[in-house]
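What follows is data_26.cif (mmCIF, C-alpha atoms).
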data_model
loop_
_atom_site.label_atom_id
_atom_site.label_comp_id
_atom_site.auth_asym_id
_atom_site.auth_seq_id
_atom_site.Cartn_x
_atom_site.Cartn_y
_atom_site.Cartn_z
CA MET A 1 -86.36 17.58 -53.01
CA ASN A 2 -87.94 15.10 -50.58
CA LEU A 3 -90.95 15.86 -48.41
CA GLY A 4 -88.89 16.16 -45.23
CA THR A 5 -86.56 18.72 -46.80
CA ALA A 6 -89.48 20.75 -48.17
CA GLU A 7 -91.17 20.75 -44.76
CA LEU A 8 -88.01 21.91 -43.01
CA GLU A 9 -87.50 24.68 -45.57
CA GLU A 10 -91.06 25.84 -44.92
CA LYS A 11 -90.52 25.81 -41.16
CA THR A 12 -87.23 27.68 -41.58
CA ALA A 13 -88.93 30.34 -43.70
CA GLU A 14 -91.62 30.72 -41.03
CA ALA A 15 -88.98 31.01 -38.31
CA ARG A 16 -87.18 33.71 -40.27
CA GLU A 17 -90.46 35.55 -40.76
CA SER A 18 -91.21 35.52 -37.02
CA ILE A 19 -87.71 36.79 -36.28
CA SER A 20 -88.12 39.59 -38.81
CA LEU A 21 -91.51 40.57 -37.37
CA ALA A 22 -90.13 40.63 -33.84
CA LEU A 23 -87.11 42.72 -34.77
CA ALA A 24 -89.35 45.17 -36.60
CA LYS A 25 -90.78 46.09 -33.18
CA LYS A 26 -87.46 47.83 -32.45
CA GLY A 27 -85.83 47.86 -29.04
CA GLU A 28 -83.02 45.76 -27.60
CA ALA A 29 -83.08 42.03 -28.33
CA CYS A 30 -81.34 39.07 -26.69
CA LEU A 31 -81.22 35.28 -26.90
CA THR A 32 -81.17 32.96 -23.90
CA CYS A 33 -78.85 30.10 -24.75
CA SER A 34 -78.03 26.89 -22.90
CA PHE A 35 -75.97 25.78 -25.93
CA GLN A 36 -78.29 22.87 -26.61
CA ALA A 37 -79.11 21.99 -30.22
CA GLU A 38 -82.19 24.18 -30.66
CA ASP A 39 -80.40 27.16 -29.16
CA MET A 40 -77.59 26.73 -31.66
CA VAL A 41 -80.14 26.70 -34.49
CA MET A 42 -81.70 29.88 -33.11
CA LEU A 43 -78.27 31.46 -32.83
CA HIS A 44 -77.52 30.59 -36.45
CA LEU A 45 -80.78 32.18 -37.63
CA LEU A 46 -80.55 35.29 -35.45
CA ARG A 47 -77.01 36.07 -36.52
CA GLU A 48 -78.34 36.63 -40.05
CA TRP A 49 -79.81 39.87 -38.67
CA LEU A 50 -77.81 40.52 -35.50
CA PRO A 51 -74.30 38.99 -35.50
CA ASP A 52 -73.62 40.70 -32.17
CA ILE A 53 -76.87 39.80 -30.41
CA PRO A 54 -76.35 39.35 -26.65
CA VAL A 55 -76.28 35.62 -25.88
CA LEU A 56 -77.40 35.15 -22.28
CA PHE A 57 -75.99 32.08 -20.55
CA LEU A 58 -77.10 31.14 -17.03
CA GLU A 59 -73.81 30.48 -15.25
CA THR A 60 -75.19 28.37 -12.41
CA GLY A 61 -71.82 26.92 -11.45
CA TYR A 62 -73.24 23.42 -11.80
CA HIS A 63 -72.93 22.79 -15.54
CA PHE A 64 -71.11 19.84 -17.09
CA GLN A 65 -67.49 20.55 -17.93
CA GLU A 66 -68.38 19.56 -21.50
CA THR A 67 -70.95 22.36 -21.57
CA TYR A 68 -68.41 24.94 -20.43
CA ARG A 69 -65.87 23.79 -23.00
CA TYR A 70 -68.44 23.78 -25.79
CA ARG A 71 -69.73 27.24 -24.77
CA ASP A 72 -66.22 28.64 -24.94
CA GLU A 73 -65.46 26.92 -28.24
CA MET A 74 -68.64 28.23 -29.88
CA THR A 75 -68.08 31.70 -28.45
CA ALA A 76 -64.64 31.80 -30.06
CA ARG A 77 -65.77 30.16 -33.30
CA TYR A 78 -68.64 32.59 -33.92
CA LYS A 79 -67.23 35.59 -32.01
CA LEU A 80 -70.35 35.65 -29.87
CA ASN A 81 -71.42 38.49 -27.62
CA LEU A 82 -71.64 36.12 -24.65
CA VAL A 83 -73.20 37.45 -21.44
CA ASN A 84 -72.72 35.11 -18.48
CA LEU A 85 -75.41 35.65 -15.84
CA PHE A 86 -74.31 34.83 -12.30
CA PRO A 87 -76.45 34.22 -9.18
CA GLU A 88 -75.96 36.41 -6.12
CA LEU A 89 -74.35 33.51 -4.25
CA THR A 90 -71.45 31.41 -5.45
CA VAL A 91 -71.85 27.63 -5.28
CA PRO A 92 -69.76 27.36 -2.08
CA GLU A 93 -71.71 30.23 -0.47
CA GLN A 94 -75.07 28.68 -1.33
CA GLU A 95 -74.06 25.20 -0.21
CA SER A 96 -72.60 26.54 3.02
CA ARG A 97 -75.82 28.41 3.79
CA PHE A 98 -78.47 26.01 2.49
CA GLY A 99 -76.78 22.66 1.82
CA LEU A 100 -77.42 20.85 -1.46
CA LEU A 101 -80.55 22.66 -2.53
CA TYR A 102 -80.64 20.82 -5.84
CA GLN A 103 -81.37 17.68 -3.81
CA ALA A 104 -83.52 19.09 -1.03
CA GLU A 105 -85.39 21.90 -2.82
CA PRO A 106 -84.70 21.89 -6.55
CA ASP A 107 -87.29 24.62 -7.19
CA GLU A 108 -85.49 26.94 -4.79
CA CYS A 109 -82.12 26.11 -6.32
CA CYS A 110 -83.41 26.93 -9.81
CA LYS A 111 -84.97 30.13 -8.52
CA LEU A 112 -81.70 31.33 -7.00
CA ARG A 113 -79.36 30.24 -9.77
CA LYS A 114 -81.49 30.63 -12.90
CA VAL A 115 -84.78 32.48 -12.56
CA ARG A 116 -83.73 35.52 -10.57
CA PRO A 117 -80.46 36.18 -12.46
CA LEU A 118 -82.24 35.94 -15.81
CA PHE A 119 -85.19 38.11 -14.87
CA ARG A 120 -82.85 40.80 -13.55
CA ALA A 121 -80.92 40.73 -16.81
CA LEU A 122 -84.06 40.83 -18.97
CA GLU A 123 -85.04 44.22 -17.54
CA ARG A 124 -82.81 45.94 -20.12
CA TYR A 125 -84.26 44.12 -23.15
CA ASP A 126 -87.44 44.54 -25.18
CA VAL A 127 -87.35 41.32 -27.25
CA TRP A 128 -86.43 37.93 -25.81
CA PHE A 129 -85.67 35.08 -28.23
CA THR A 130 -85.64 31.44 -27.11
CA GLY A 131 -85.18 28.02 -28.69
CA LEU A 132 -88.25 26.55 -26.96
CA ARG A 133 -90.28 23.92 -28.79
CA ARG A 134 -93.71 22.46 -28.08
CA VAL A 135 -92.60 18.83 -28.32
CA GLN A 136 -89.99 19.23 -25.58
CA SER A 137 -92.46 18.87 -22.73
CA PRO A 138 -96.20 18.80 -21.88
CA THR A 139 -95.62 22.13 -20.12
CA ARG A 140 -94.68 23.65 -23.50
CA ALA A 141 -97.48 22.14 -25.59
CA GLY A 142 -99.33 25.47 -25.85
CA LEU A 143 -96.24 27.53 -26.68
CA LYS A 144 -96.86 30.55 -28.91
CA VAL A 145 -94.40 31.85 -31.46
CA LEU A 146 -94.95 35.45 -30.33
CA ASP A 147 -96.06 36.20 -26.79
CA ARG A 148 -95.91 38.87 -24.12
CA PHE A 149 -93.96 38.11 -20.97
CA ALA A 150 -94.28 40.02 -17.69
CA LEU A 151 -91.23 40.35 -15.45
CA PRO A 152 -91.58 40.57 -11.66
CA SER A 153 -91.24 44.34 -11.92
CA GLY A 154 -94.35 44.44 -14.09
CA ARG A 155 -92.39 45.37 -17.19
CA GLU A 156 -93.41 43.43 -20.29
CA LEU A 157 -91.29 42.30 -23.18
CA LEU A 158 -91.93 40.37 -26.37
CA LYS A 159 -90.98 36.70 -26.03
CA VAL A 160 -90.27 35.02 -29.36
CA ASN A 161 -90.11 31.26 -29.91
CA PRO A 162 -89.50 30.83 -33.67
CA LEU A 163 -88.88 27.07 -33.37
CA ALA A 164 -92.10 26.39 -31.44
CA GLY A 165 -93.41 23.95 -34.04
CA TRP A 166 -90.12 22.22 -34.86
CA LEU A 167 -89.63 18.52 -34.20
CA ASP A 168 -86.38 16.94 -33.02
CA ARG A 169 -85.60 15.77 -36.53
CA ASP A 170 -85.98 19.34 -37.83
CA VAL A 171 -83.40 20.64 -35.38
CA TRP A 172 -80.90 17.89 -36.12
CA GLU A 173 -81.36 18.14 -39.88
CA PHE A 174 -80.90 21.91 -39.84
CA ALA A 175 -77.76 21.58 -37.75
CA ARG A 176 -76.38 18.94 -40.11
CA ALA A 177 -77.22 20.93 -43.24
CA HIS A 178 -75.57 24.06 -41.86
CA GLU A 179 -72.59 22.26 -40.32
CA ILE A 180 -73.37 23.40 -36.80
CA PRO A 181 -71.31 21.36 -34.31
CA LEU A 182 -73.40 20.17 -31.38
CA LEU A 183 -72.74 19.63 -27.69
CA PRO A 184 -70.79 16.35 -27.31
CA LEU A 185 -73.06 15.22 -24.47
CA TYR A 186 -75.68 14.21 -27.04
CA ALA A 187 -73.32 11.46 -28.21
CA ARG A 188 -73.47 10.02 -24.68
CA GLY A 189 -77.25 9.66 -24.89
CA PHE A 190 -78.40 12.84 -23.16
CA THR A 191 -81.46 14.43 -24.74
CA SER A 192 -82.06 17.45 -22.49
CA ILE A 193 -79.07 18.99 -20.78
CA GLY A 194 -78.98 21.33 -17.81
CA CYS A 195 -76.98 21.40 -14.59
CA GLU A 196 -74.93 18.23 -14.07
CA PRO A 197 -76.41 17.21 -10.66
CA CYS A 198 -79.93 17.44 -12.09
CA THR A 199 -79.34 15.85 -15.50
CA ALA A 200 -79.38 12.11 -16.21
CA LEU A 201 -79.96 9.96 -19.25
CA PRO A 202 -83.67 9.95 -20.19
CA SER A 203 -85.75 7.34 -18.38
CA GLU A 204 -88.48 7.44 -21.04
CA ALA A 205 -87.56 7.27 -24.71
CA ALA A 206 -90.59 9.36 -25.71
CA ASN A 207 -89.88 12.10 -23.15
CA PRO A 208 -86.58 13.90 -23.78
CA ARG A 209 -86.83 15.79 -20.49
CA SER A 210 -87.41 12.65 -18.38
CA GLY A 211 -83.77 12.77 -17.33
CA ARG A 212 -84.10 16.18 -15.70
CA TRP A 213 -84.47 16.66 -11.93
CA ALA A 214 -84.87 12.90 -11.37
CA GLY A 215 -88.45 13.19 -12.59
CA ARG A 216 -89.42 15.57 -9.77
CA LYS A 217 -90.33 18.38 -12.15
CA LEU A 218 -90.12 19.38 -15.82
CA GLU A 219 -89.16 23.07 -15.76
CA CYS A 220 -86.64 25.26 -13.94
CA GLY A 221 -89.23 28.05 -13.68
CA ILE A 222 -87.89 30.53 -16.22
CA HIS A 223 -90.68 29.91 -18.69
CA ILE A 224 -93.58 29.10 -16.37
CA ALA A 225 -92.95 30.99 -13.12
CA GLY A 226 -95.56 33.51 -12.07
CA VAL A 227 -94.59 37.05 -11.17
CA SER A 228 -95.38 36.50 -7.48
CA GLU A 229 -93.00 33.53 -7.31
CA VAL A 230 -89.86 35.36 -8.27
CA ARG A 231 -89.97 38.69 -6.45
#

structure tokens encoding of this file:
Amino acid sequence: MNLGTAELEEKTAEARESISLALAKKGEACLTCSFQAEDMVMLHLLREWLPDIPVLFLETGYHFQETYRYRDEMTARYKLNLVNLFPELTVPEQESRFGLLYQAEPDECCKLRKVRPLFRALERYDVWFTGLRRVQSPTRAGLKVLDRFALPSGRELLKVNPLAGWLDRDVWEFARAHEIPLLPLYARGFTSIGCEPCTALPSEAANPRSGRWAGRKLECGIHIAGVSEVR
């Protein structure tokens, strides 16, 4: 066994332990999933305990067609309990009322199409699993494995980030070892994939999220928004 394999096995064991600890708290659990590589690793691990765990997908209406096809293929392959979360406004309704918000006010677009739909959905859950990792962005450098998260209503839930300490190579090696097919957009050079209008190839090799929002911001707001911002 080489050092890299041993390190990944240790990280995997730690991830499984954090999942087990979180699930021991009881209550309803869910996973937010954009169908990127780390989310697929999380899905693989979680299904060891909860094969039918609700998989929350933010259906913004702006995703790549490749993302939609991959989502549907993985849902069929693994018989996922997929929960598509829709904004209050359809894409045509929003664009008719506000224009192209993703160009003019990307924060507002993310709030309408991602943050609010997710936070409404999370009201029914007690444990929220994510595939977040510290190396993804400076805004995630202080990420905890287990944390409390307050919704706009004031209700708190346990937010669990079992892959917080994983590096890119850990994710890719785990996916390879477990034969997890990955989103084809990676083969085109994308390193962080969200809505199509706001996702480009990375402009900085060392920053996988440098292709998001044309460099205007690093987060959609789901993981950093304050309660007062999303009422």

Near segment 186-202 of chain A, 10 Å: segment 68-105 of chain A residue rows, closest pairs, all atoms listed in the file, as CSV:
residue,atom,partner,partner_atom,distance
A:Leu100,CA,A:Pro197,CA,9.9
A:Tyr102,CA,A:Cys198,CA,7.1
A:Gln103,CA,A:Cys198,CA,8.4

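Residues in contact range of Asn161 of chain A, defined as at most 8 Å between all atoms listed in the file, with sequence neighbours fewer than 5 positions away removed, read A:Phe129, A:Thr130, A:Gly131, A:Leu132, A:Arg133, A:Leu143, A:Lys144, A:Val145, A:Leu146.
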
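Taking atom CA of Met40 of chain A and atom CA of Glu7 of chain A as endpoints, the distance between them is 19.8 Å.
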
Could you give me, as JSON lines, every segment 129-172 of chain A residue with an atom at most 10 Å from segment 23-28 of chain A, plus its closest atom pair and distance in Å to one decimal, counting all atoms listed in the file, rows ordered by chain then number?
{"residue": "A:Leu157", "atom": "CA", "partner": "A:Gly27", "partner_atom": "CA", "distance": 9.8}
{"residue": "A:Leu158", "atom": "CA", "partner": "A:Lys25", "partner_atom": "CA", "distance": 9.0}
{"residue": "A:Val160", "atom": "CA", "partner": "A:Leu23", "partner_atom": "CA", "distance": 9.9}

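Taking atom CA of Ile222 of chain A and atom CA of Leu122 of chain A as endpoints, the distance between them is 11.3 Å.
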
Exercise for review: May I ask which of the residues A:Thr5, A:Gln136, A:Ser34, A:Ser20 is the closest one to His63 of chain A, counting all atoms listed in the file?
Suggested key: A:Ser34

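For the residues A:Met74, A:Leu151, A:Ala175, A:Leu56, ranking by smallest atom-to-atom distance to Arg120 of chain A using only C-alpha atoms places A:Leu151 first.
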
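Across the structure, atom CA of Pro152 of chain A and atom CA of Arg116 of chain A are spaced 9.4 Å apart.
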
Check your understanding: So which residues touch segment 76-86 of chain A within 6 Å, counting only C-alpha atoms, skipping near sequence neighbours fewer than 6 positions away, as a count of residues only?
Key -> 7

**Study point:** Result set of the PyMOL selection byres ((chain A and resi 88) around 10) on the coordinates above, as a PyMOL selection string
**Key:** chain A and resi 85-87+89-91+93-94+112-113+116-117

Can those selected residues be exported to a file as an mmCIF file, in the frame of the given file so that it contains C-alpha atoms?
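Below you can see part-v1.cif, which holds the result:
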data_model
loop_
_atom_site.group_PDB
_atom_site.id
_atom_site.type_symbol
_atom_site.label_atom_id
_atom_site.label_comp_id
_atom_site.auth_asym_id
_atom_site.auth_seq_id
_atom_site.Cartn_x
_atom_site.Cartn_y
_atom_site.Cartn_z
ATOM 1 C CA LEU A 85 -75.410 35.650 -15.840
ATOM 2 C CA PHE A 86 -74.310 34.830 -12.300
ATOM 3 C CA PRO A 87 -76.450 34.220 -9.180
ATOM 4 C CA LEU A 89 -74.350 33.510 -4.250
ATOM 5 C CA THR A 90 -71.450 31.410 -5.450
ATOM 6 C CA VAL A 91 -71.850 27.630 -5.280
ATOM 7 C CA GLU A 93 -71.710 30.230 -0.470
ATOM 8 C CA GLN A 94 -75.070 28.680 -1.330
ATOM 9 C CA LEU A 112 -81.700 31.330 -7.000
ATOM 10 C CA ARG A 113 -79.360 30.240 -9.770
ATOM 11 C CA ARG A 116 -83.730 35.520 -10.570
ATOM 12 C CA PRO A 117 -80.460 36.180 -12.460
#

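Considering the residues A:Pro106, A:Pro208, A:Pro162, A:Pro184 and counting only C-alpha atoms, Ala13 of chain A has its shortest atom-to-atom contact with A:Pro162.
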
As a PDB file, in the coordinates of the input, the rebuilt segment 175-192 of chain A with N, CA and C atoms:
ATOM      1  N   ALA A 175     -79.130  21.505 -38.242  1.00  0.00           N
ATOM      2  CA  ALA A 175     -77.760  21.580 -37.750  1.00  0.00           C
ATOM      3  C   ALA A 175     -76.802  20.854 -38.688  1.00  0.00           C
ATOM      4  N   ARG A 176     -77.228  19.693 -39.183  1.00  0.00           N
ATOM      5  CA  ARG A 176     -76.380  18.940 -40.110  1.00  0.00           C
ATOM      6  C   ARG A 176     -76.187  19.711 -41.421  1.00  0.00           C
ATOM      7  N   ALA A 177     -77.291  20.234 -41.956  1.00  0.00           N
ATOM      8  CA  ALA A 177     -77.220  20.930 -43.240  1.00  0.00           C
ATOM      9  C   ALA A 177     -76.353  22.177 -43.174  1.00  0.00           C
ATOM     10  N   HIS A 178     -76.322  22.808 -41.999  1.00  0.00           N
ATOM     11  CA  HIS A 178     -75.570  24.060 -41.860  1.00  0.00           C
ATOM     12  C   HIS A 178     -74.250  23.863 -41.111  1.00  0.00           C
ATOM     13  N   GLU A 179     -73.872  22.614 -40.927  1.00  0.00           N
ATOM     14  CA  GLU A 179     -72.590  22.260 -40.320  1.00  0.00           C
ATOM     15  C   GLU A 179     -72.387  22.928 -38.963  1.00  0.00           C
ATOM     16  N   ILE A 180     -73.436  22.858 -38.157  1.00  0.00           N
ATOM     17  CA  ILE A 180     -73.370  23.400 -36.800  1.00  0.00           C
ATOM     18  C   ILE A 180     -72.913  22.284 -35.860  1.00  0.00           C
ATOM     19  N   PRO A 181     -71.743  22.400 -35.253  1.00  0.00           N
ATOM     20  CA  PRO A 181     -71.310  21.360 -34.310  1.00  0.00           C
ATOM     21  C   PRO A 181     -72.186  21.396 -33.057  1.00  0.00           C
ATOM     22  N   LEU A 182     -72.502  20.235 -32.528  1.00  0.00           N
ATOM     23  CA  LEU A 182     -73.400  20.170 -31.380  1.00  0.00           C
ATOM     24  C   LEU A 182     -72.682  19.699 -30.124  1.00  0.00           C
ATOM     25  N   LEU A 183     -73.288  19.979 -29.010  1.00  0.00           N
ATOM     26  CA  LEU A 183     -72.740  19.630 -27.690  1.00  0.00           C
ATOM     27  C   LEU A 183     -72.424  18.136 -27.636  1.00  0.00           C
ATOM     28  N   PRO A 184     -71.193  17.766 -27.309  1.00  0.00           N
ATOM     29  CA  PRO A 184     -70.790  16.350 -27.310  1.00  0.00           C
ATOM     30  C   PRO A 184     -71.605  15.458 -26.378  1.00  0.00           C
ATOM     31  N   LEU A 185     -72.283  16.034 -25.401  1.00  0.00           N
ATOM     32  CA  LEU A 185     -73.060  15.220 -24.470  1.00  0.00           C
ATOM     33  C   LEU A 185     -74.190  14.459 -25.164  1.00  0.00           C
ATOM     34  N   TYR A 186     -74.642  14.944 -26.309  1.00  0.00           N
ATOM     35  CA  TYR A 186     -75.680  14.210 -27.040  1.00  0.00           C
ATOM     36  C   TYR A 186     -75.171  12.828 -27.450  1.00  0.00           C
ATOM     37  N   ALA A 187     -73.904  12.742 -27.777  1.00  0.00           N
ATOM     38  CA  ALA A 187     -73.320  11.460 -28.210  1.00  0.00           C
ATOM     39  C   ALA A 187     -73.297  10.441 -27.063  1.00  0.00           C
ATOM     40  N   ARG A 188     -73.439  10.920 -25.839  1.00  0.00           N
ATOM     41  CA  ARG A 188     -73.470  10.020 -24.680  1.00  0.00           C
ATOM     42  C   ARG A 188     -74.895   9.610 -24.326  1.00  0.00           C
ATOM     43  N   GLY A 189     -75.870  10.078 -25.097  1.00  0.00           N
ATOM     44  CA  GLY A 189     -77.250   9.660 -24.890  1.00  0.00           C
ATOM     45  C   GLY A 189     -78.131  10.670 -24.191  1.00  0.00           C
ATOM     46  N   PHE A 190     -77.576  11.817 -23.793  1.00  0.00           N
ATOM     47  CA  PHE A 190     -78.400  12.840 -23.160  1.00  0.00           C
ATOM     48  C   PHE A 190     -79.291  13.495 -24.204  1.00  0.00           C
ATOM     49  N   THR A 191     -80.522  13.818 -23.813  1.00  0.00           N
ATOM     50  CA  THR A 191     -81.460  14.430 -24.740  1.00  0.00           C
ATOM     51  C   THR A 191     -81.919  15.812 -24.292  1.00  0.00           C
ATOM     52  N   SER A 192     -81.760  16.127 -23.032  1.00  0.00           N
ATOM     53  CA  SER A 192     -82.060  17.450 -22.490  1.00  0.00           C
ATOM     54  C   SER A 192     -81.021  17.723 -21.422  1.00  0.00           C
TER      55      SER A 192
END
